Structures are given as C-alpha cells and as structure tokens.
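**Student:** Please find work.pdb (PDB, C-alpha atoms) on the next line:
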ATOM      1  CA  MET N 922     -16.519 -11.564   9.510
ATOM      2  CA  LYS N 923     -15.598  -9.954   6.204
ATOM      3  CA  ILE N 924     -14.462 -12.200   3.374
ATOM      4  CA  TYR N 925     -12.068  -9.629   1.992
ATOM      5  CA  THR N 926      -9.367  -8.193   4.232
ATOM      6  CA  LYS N 927      -7.232  -6.424   1.586
ATOM      7  CA  THR N 928      -4.119  -7.637   3.438
ATOM      8  CA  GLY N 929      -3.162  -9.857   0.507
ATOM      9  CA  ASP N 930      -3.490  -7.218  -2.191
ATOM     10  CA  LYS N 931       0.276  -6.969  -2.577
ATOM     11  CA  GLY N 932       0.842 -10.693  -3.079
ATOM     12  CA  THR N 933       1.475 -11.861   0.475
ATOM     13  CA  THR N 934      -0.565 -13.902   2.904
ATOM     14  CA  ALA N 935      -0.340 -14.785   6.582
ATOM     15  CA  LEU N 936       0.501 -18.224   7.860
ATOM     16  CA  PHE N 937      -1.007 -19.514  11.092
ATOM     17  CA  GLY N 938       0.830 -17.557  13.772
ATOM     18  CA  GLY N 939       1.055 -14.343  11.745
ATOM     19  CA  THR N 940       4.178 -14.770   9.610
ATOM     20  CA  ARG N 941       3.628 -13.187   6.182
ATOM     21  CA  VAL N 942       4.973 -14.935   3.084
ATOM     22  CA  PRO N 943       4.548 -14.507  -0.690
ATOM     23  CA  LYS N 944       1.484 -16.250  -2.073
ATOM     24  CA  HIS N 945       3.765 -18.420  -4.209
ATOM     25  CA  HIS N 946       5.617 -19.752  -1.135
ATOM     26  CA  LEU N 947       5.955 -23.541  -1.107
ATOM     27  CA  ARG N 948       4.004 -23.758   2.157
ATOM     28  CA  ILE N 949       1.080 -21.909   0.506
ATOM     29  CA  GLU N 950       1.313 -24.174  -2.573
ATOM     30  CA  SER N 951       1.252 -27.196  -0.262
ATOM     31  CA  TYR N 952      -1.856 -26.356   1.716
ATOM     32  CA  GLY N 953      -3.512 -24.711  -1.294
ATOM     33  CA  THR N 954      -3.234 -27.981  -3.177
ATOM     34  CA  VAL N 955      -4.718 -29.804  -0.177
ATOM     35  CA  ASP N 956      -7.629 -27.368  -0.423
ATOM     36  CA  GLU N 957      -7.989 -28.161  -4.133
ATOM     37  CA  LEU N 958      -7.964 -31.876  -3.290
ATOM     38  CA  ASN N 959     -10.635 -31.310  -0.663
ATOM     39  CA  SER N 960     -12.845 -29.652  -3.289
ATOM     40  CA  TYR N 961     -12.487 -32.613  -5.641
ATOM     41  CA  ILE N 962     -13.388 -35.004  -2.836
ATOM     42  CA  GLY N 963     -16.475 -32.852  -2.266
ATOM     43  CA  LEU N 964     -17.306 -33.349  -5.937
ATOM     44  CA  ILE N 965     -17.042 -37.127  -5.497
ATOM     45  CA  ARG N 966     -19.247 -36.899  -2.390
ATOM     46  CA  ASP N 967     -21.854 -34.995  -4.424
ATOM     47  CA  GLN N 968     -22.268 -37.907  -6.834
ATOM     48  CA  ASN N 969     -24.955 -40.563  -6.646
ATOM     49  CA  ILE N 970     -23.035 -42.867  -4.291
ATOM     50  CA  ASP N 971     -23.763 -44.803  -1.107
ATOM     51  CA  ASP N 972     -24.580 -42.660   1.959
ATOM     52  CA  ALA N 973     -22.070 -44.565   4.120
ATOM     53  CA  LEU N 974     -19.358 -43.700   1.605
ATOM     54  CA  LYS N 975     -20.443 -40.049   1.666
ATOM     55  CA  LYS N 976     -19.924 -40.021   5.454
ATOM     56  CA  LYS N 977     -16.438 -41.482   5.056
ATOM     57  CA  LEU N 978     -15.584 -38.856   2.448
ATOM     58  CA  THR N 979     -16.843 -36.138   4.793
ATOM     59  CA  LYS N 980     -14.493 -37.492   7.479
ATOM     60  CA  ILE N 981     -11.614 -37.387   4.989
ATOM     61  CA  GLN N 982     -12.521 -33.808   4.039
ATOM     62  CA  SER N 983     -12.448 -32.825   7.706
ATOM     63  CA  ASN N 984      -9.044 -34.493   8.042
ATOM     64  CA  LEU N 985      -7.818 -32.525   5.038
ATOM     65  CA  PHE N 986      -8.842 -29.257   6.724
ATOM     66  CA  THR N 987      -6.803 -30.357   9.743
ATOM     67  CA  LEU N 988      -3.883 -31.343   7.521
ATOM     68  CA  GLY N 989      -4.070 -27.966   5.771
ATOM     69  CA  ALA N 990      -3.955 -26.191   9.124
ATOM     70  CA  MET N 991      -0.907 -28.253  10.073
ATOM     71  CA  LEU N 992       0.790 -27.248   6.812
ATOM     72  CA  ALA N 993      -0.178 -23.596   7.359
ATOM     73  CA  THR N 994       1.681 -23.534  10.669
ATOM     74  CA  PRO N 995       5.429 -22.941  10.350
ATOM     75  CA  PRO N 996       7.562 -24.978  12.801
ATOM     76  CA  GLU N 997       8.667 -21.901  14.750
ATOM     77  CA  LYS N 998       5.009 -20.967  15.381
ATOM     78  CA  GLU N 999       3.739 -24.409  16.468
ATOM     79  CA  THR N1000       3.920 -23.530  20.156
ATOM     80  CA  LEU N1001       3.259 -20.375  22.119
ATOM     81  CA  LYS N1002       5.864 -18.874  24.445
ATOM     82  CA  SER N1003       4.055 -20.643  27.271
ATOM     83  CA  GLY N1004       4.805 -23.992  25.591
ATOM     84  CA  LYS N1005       1.156 -24.600  24.741
ATOM     85  CA  GLU N1006       0.366 -25.747  21.201
ATOM     86  CA  ARG N1007      -0.814 -22.883  19.026
ATOM     87  CA  LEU N1008      -2.914 -25.141  16.783
ATOM     88  CA  ASN N1009      -5.488 -26.313  19.310
ATOM     89  CA  ILE N1010      -7.160 -29.004  17.196
ATOM     90  CA  PRO N1011      -6.712 -32.782  16.971
ATOM     91  CA  LYS N1012      -3.863 -33.509  14.563
ATOM     92  CA  ILE N1013      -3.599 -36.021  11.763
ATOM     93  CA  ASN N1014      -2.152 -39.071  13.502
ATOM     94  CA  GLU N1015      -1.590 -42.797  13.065
ATOM     95  CA  ASP N1016      -5.315 -43.427  13.691
ATOM     96  CA  SER N1017      -6.139 -41.177  10.726
ATOM     97  CA  ILE N1018      -3.797 -43.235   8.553
ATOM     98  CA  GLN N1019      -5.157 -46.515   9.922
ATOM     99  CA  PHE N1020      -8.688 -45.410   8.981
ATOM    100  CA  LEU N1021      -7.578 -45.083   5.348
ATOM    101  CA  GLU N1022      -5.748 -48.417   5.409
ATOM    102  CA  ASP N1023      -8.794 -50.169   6.888
ATOM    103  CA  GLU N1024     -11.039 -48.650   4.229
ATOM    104  CA  ILE N1025      -8.619 -49.667   1.463
ATOM    105  CA  ASP N1026      -8.562 -53.245   2.758
ATOM    106  CA  LEU N1027     -12.356 -53.327   3.061
ATOM    107  CA  MET N1028     -12.874 -52.133  -0.521
ATOM    108  CA  ASN N1029     -10.086 -54.308  -1.928
ATOM    109  CA  LYS N1030     -11.489 -57.575  -0.595
ATOM    110  CA  ASP N1031     -14.431 -57.406  -3.031
ATOM    111  CA  LEU N1032     -12.420 -56.270  -6.077
ATOM    112  CA  PRO N1033     -10.829 -58.485  -8.693
ATOM    113  CA  GLN N1034      -7.066 -58.742  -8.387
ATOM    114  CA  MET N1035      -5.189 -56.187 -10.453
ATOM    115  CA  THR N1036      -3.141 -57.672 -13.254
ATOM    116  CA  HIS N1037      -2.518 -54.460 -15.232
ATOM    117  CA  PHE N1038      -2.577 -50.723 -14.776
ATOM    118  CA  VAL N1039      -6.025 -49.311 -15.522
ATOM    119  CA  LEU N1040      -6.883 -46.319 -17.643
ATOM    120  CA  PRO N1041      -8.729 -43.561 -15.776
ATOM    121  CA  GLY N1042     -12.361 -43.226 -16.814
ATOM    122  CA  GLY N1043     -15.343 -45.417 -17.495
ATOM    123  CA  HIS N1044     -17.813 -43.258 -15.581
ATOM    124  CA  GLN N1045     -17.854 -39.600 -14.553
ATOM    125  CA  THR N1046     -17.737 -40.460 -10.838
ATOM    126  CA  VAL N1047     -14.766 -42.765 -11.383
ATOM    127  CA  SER N1048     -13.006 -40.028 -13.356
ATOM    128  CA  PHE N1049     -13.497 -37.605 -10.462
ATOM    129  CA  CYS N1050     -11.748 -40.139  -8.198
ATOM    130  CA  HIS N1051      -8.800 -40.323 -10.568
ATOM    131  CA  ILE N1052      -8.567 -36.531 -10.774
ATOM    132  CA  ALA N1053      -8.606 -36.344  -6.963
ATOM    133  CA  ARG N1054      -5.913 -39.046  -6.844
ATOM    134  CA  CYS N1055      -3.696 -37.020  -9.179
ATOM    135  CA  VAL N1056      -4.215 -33.835  -7.149
ATOM    136  CA  CYS N1057      -3.417 -35.825  -4.006
ATOM    137  CA  ARG N1058      -0.143 -37.024  -5.560
ATOM    138  CA  ARG N1059       0.735 -33.424  -6.478
ATOM    139  CA  SER N1060      -0.075 -32.374  -2.926
ATOM    140  CA  GLU N1061       2.201 -35.104  -1.632
ATOM    141  CA  ARG N1062       5.051 -34.003  -3.923
ATOM    142  CA  LEU N1063       4.710 -30.415  -2.703
ATOM    143  CA  ALA N1064       4.635 -31.525   0.934
ATOM    144  CA  VAL N1065       7.782 -33.611   0.386
ATOM    145  CA  ALA N1066       9.504 -30.585  -1.177
ATOM    146  CA  LEU N1067       8.390 -28.418   1.753
ATOM    147  CA  ASN N1068       9.690 -31.036   4.181
ATOM    148  CA  GLU N1069      13.126 -30.694   2.595
ATOM    149  CA  GLU N1070      13.086 -26.957   3.438
ATOM    150  CA  GLU N1071      11.207 -26.955   6.734
ATOM    151  CA  THR N1072      10.372 -30.078   8.696
ATOM    152  CA  ILE N1073       6.716 -31.058   8.658
ATOM    153  CA  SER N1074       5.009 -33.906  10.461
ATOM    154  CA  ASP N1075       5.702 -37.393   9.095
ATOM    155  CA  THR N1076       2.016 -38.161   9.506
ATOM    156  CA  VAL N1077       1.157 -35.472   6.931
ATOM    157  CA  LEU N1078       3.320 -37.209   4.349
ATOM    158  CA  LYS N1079       2.009 -40.675   5.251
ATOM    159  CA  TYR N1080      -1.610 -39.489   5.184
ATOM    160  CA  LEU N1081      -1.294 -37.977   1.717
ATOM    161  CA  ASN N1082       0.455 -41.079   0.406
ATOM    162  CA  ARG N1083      -2.223 -43.374   1.811
ATOM    163  CA  LEU N1084      -5.039 -41.093   0.651
ATOM    164  CA  SER N1085      -3.890 -41.357  -2.963
ATOM    165  CA  ASP N1086      -3.970 -45.157  -2.587
ATOM    166  CA  TYR N1087      -7.458 -44.884  -1.081
ATOM    167  CA  LEU N1088      -8.662 -42.768  -4.000
ATOM    168  CA  PHE N1089      -7.307 -45.290  -6.511
ATOM    169  CA  VAL N1090      -9.065 -48.186  -4.786
ATOM    170  CA  LEU N1091     -12.213 -46.071  -4.451
ATOM    171  CA  ALA N1092     -12.149 -45.510  -8.217
ATOM    172  CA  ARG N1093     -11.961 -49.273  -8.756
ATOM    173  CA  LYS N1094     -14.764 -49.894  -6.229
ATOM    174  CA  LEU N1095     -17.006 -47.313  -7.857
ATOM    175  CA  THR N1096     -16.222 -48.792 -11.271
ATOM    176  CA  GLN N1097     -17.612 -52.077  -9.953
ATOM    177  CA  ASP N1098     -20.569 -50.486  -8.094
ATOM    178  CA  LEU N1099     -21.568 -48.422 -11.132
ATOM    179  CA  GLN N1100     -21.067 -51.371 -13.492
ATOM    180  CA  ALA N1101     -18.626 -49.362 -15.545
ATOM    181  CA  GLU N1102     -15.890 -50.897 -17.643
ATOM    182  CA  GLU N1103     -12.397 -51.031 -16.168
ATOM    183  CA  ILE N1104     -10.059 -50.725 -19.124
ATOM    184  CA  LYS N1105      -6.686 -52.360 -18.663
ATOM    185  CA  TRP N1106      -3.664 -50.561 -20.003
ATOM    186  CA  ILE N1107      -1.999 -52.914 -22.435
ATOM    187  CA  PRO N1108       0.843 -51.209 -24.298
ATOM    188  CA  GLU N1109       0.663 -51.474 -28.049
ATOM    189  CA  LYS N1110       3.389 -53.517 -29.682
ATOM    190  CA  LEU N1111       5.849 -51.650 -31.856
TER     191      LEU N1111
END
Please rewrite the model in this file as structure tokens.
**Tutor:**
Amino acid sequence: MKIYTKTGDKGTTALFGGTRVPKHHLRIESYGTVDELNSYIGLIRDQNIDDALKKKLTKIQSNLFTLGAMLATPPEKETLKSGKERLNIPKINEDSIQFLEDEIDLMNKDLPQMTHFVLPGGHQTVSFCHIARCVCRRSERLAVALNEEETISDTVLKYLNRLSDYLFVLARKLTQDLQAEEIKWIPEKL
C-alpha cells in the first residue's frame, strides 16, 4: 500500500464511503483533531507511568480510532444499499463511556477533594495530560459544531466530554503519583 495517493493534491480528501470534501471541511477538522488527541495520548503513554495505566490508554487510543472512523462517515454513507452497515467495526457505545466513568471514579477516590481550580503543570507528564485535555475539548467543540450541520452519534459527543474529564483526573492522579506540586489557582486581589 502506497502512503501517497496524489488524490488530495488539489485540497480535497475522501470521507469513508467515497464522498470527496475540501480538507478544511468541518468533518475533516473534527476527526483530524481526534487524531491529534490520539497522538497526545500516545505521548502520555510513552512516559514513565504504570503499565496498567498504559494498557488503559492504549484502549482509549483504539476507541479514538473508532470514533474517528465514525466521524469520517457521513450519515448518508453509514449503510450500504443492502441495509448493511458500511462501517463494519464495533462502535463507541455506552460501555465505552462507562469505562471512562469507572476509571474516573477509581482515580478520584484516592485524590484529595478539589477546592480550587488547578494550574496546569508541575511535571512534564502532567502537562501532557493537560494538553491532551485541551485538545479533547477542542475536538468536542468541533464535533458539536458538526452535529449542528449533520447529525452524528450522541455517543461520540458523550465520549469526548467524558474523556476530557478523564484526562483532567488523570493529570491530578499523576501529580500525586509523581509527587509533583498541584498549584491551586487563587486569583490575585485587585
């Protein structure tokens, strides 16, 4: 399989199902940002962290590939003329969201209660989590905008929302695990 196809040389790309759109199309921005998020999660996974956590991050990365494929499939191309689903892979579903919620609850039970916002940073690994969280929020905003133009699965929106929460709690957990300082945001008085 060749990496370069030359079919995008004029600024268009194909969605799943063959429809060609400009590379700046909101659907491309949506799944492209999911791809960017996936890369940042890979960067977190590459850090010196617990092997069990690395496996969970790998699962999330796999889910993001699935989510990207869902976003890359326009509604009119979701099924074949025969009625069979075109995207023949397991979809992001309520179980995928429940996995994130369970992991958030598991991490949260050992963390001190939040009393203030926290400033991103304290350790490089923690900072990577915050960057991934911000990219996840951007991905969610793009998916919401896309959903206003063309309906996408509710589970895509829920998953991205919950994943940003997961990444925030992961940053706090890693702050604790790495014995880094969690700096509270306390606004300066005027």
**Student:** I need every residue sitting at most 12 Å from the point (-9.1, -25.1, 7.6) (coordinates as in the file, all atoms listed in the file considered), written as a VMD selection string.
**Tutor:** chain N and resid 936 to 937 952 to 953 955 to 956 959 982 to 994 1008 1010
**Student:** Go ahead and compute the interatomic distance for atom CA of Glu1071 of chain N and atom CA of Ile981 of chain N, in Å to one decimal.
**Tutor:**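 Computed distance, atom CA of Glu1071 of chain N to atom CA of Ile981 of chain N, equals 25.2 Å.
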**Student:** List, as a list in words, every residue that the PyMOL selection byres ((chain N and resi 1091) around 9) selects in the file provided.
**Tutor:** Ile1025, Met1028, Asn1029, Val1047, Cys1050, Asp1086, Tyr1087, Leu1088, Phe1089, Val1090, Ala1092, Arg1093, Lys1094, Leu1095 and Thr1096 of chain N
**Student:** Between N:Glu1103, N:Asp1016, N:Ile962, N:Asp1031, single out the one closest to His1044 of chain N, counting all atoms listed in the file.
**Tutor:** N:Glu1103
**Student:** Taking the file as shown, find all residues satisfying the PyMOL selection byres ((chain N and resi 966) around 12) and write them as a ChimeraX atom specification.
**Tutor:** /N:959-965,967-982,1046-1047,1049-1050,1053,1091,1095
**Student:** Rounded to one decimal place, report the atom CA of Pro1041 of chain N-atom CA of Thr1076 of chain N distance in Å.
**Tutor:**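 These atoms are spaced 28.0 Å apart.
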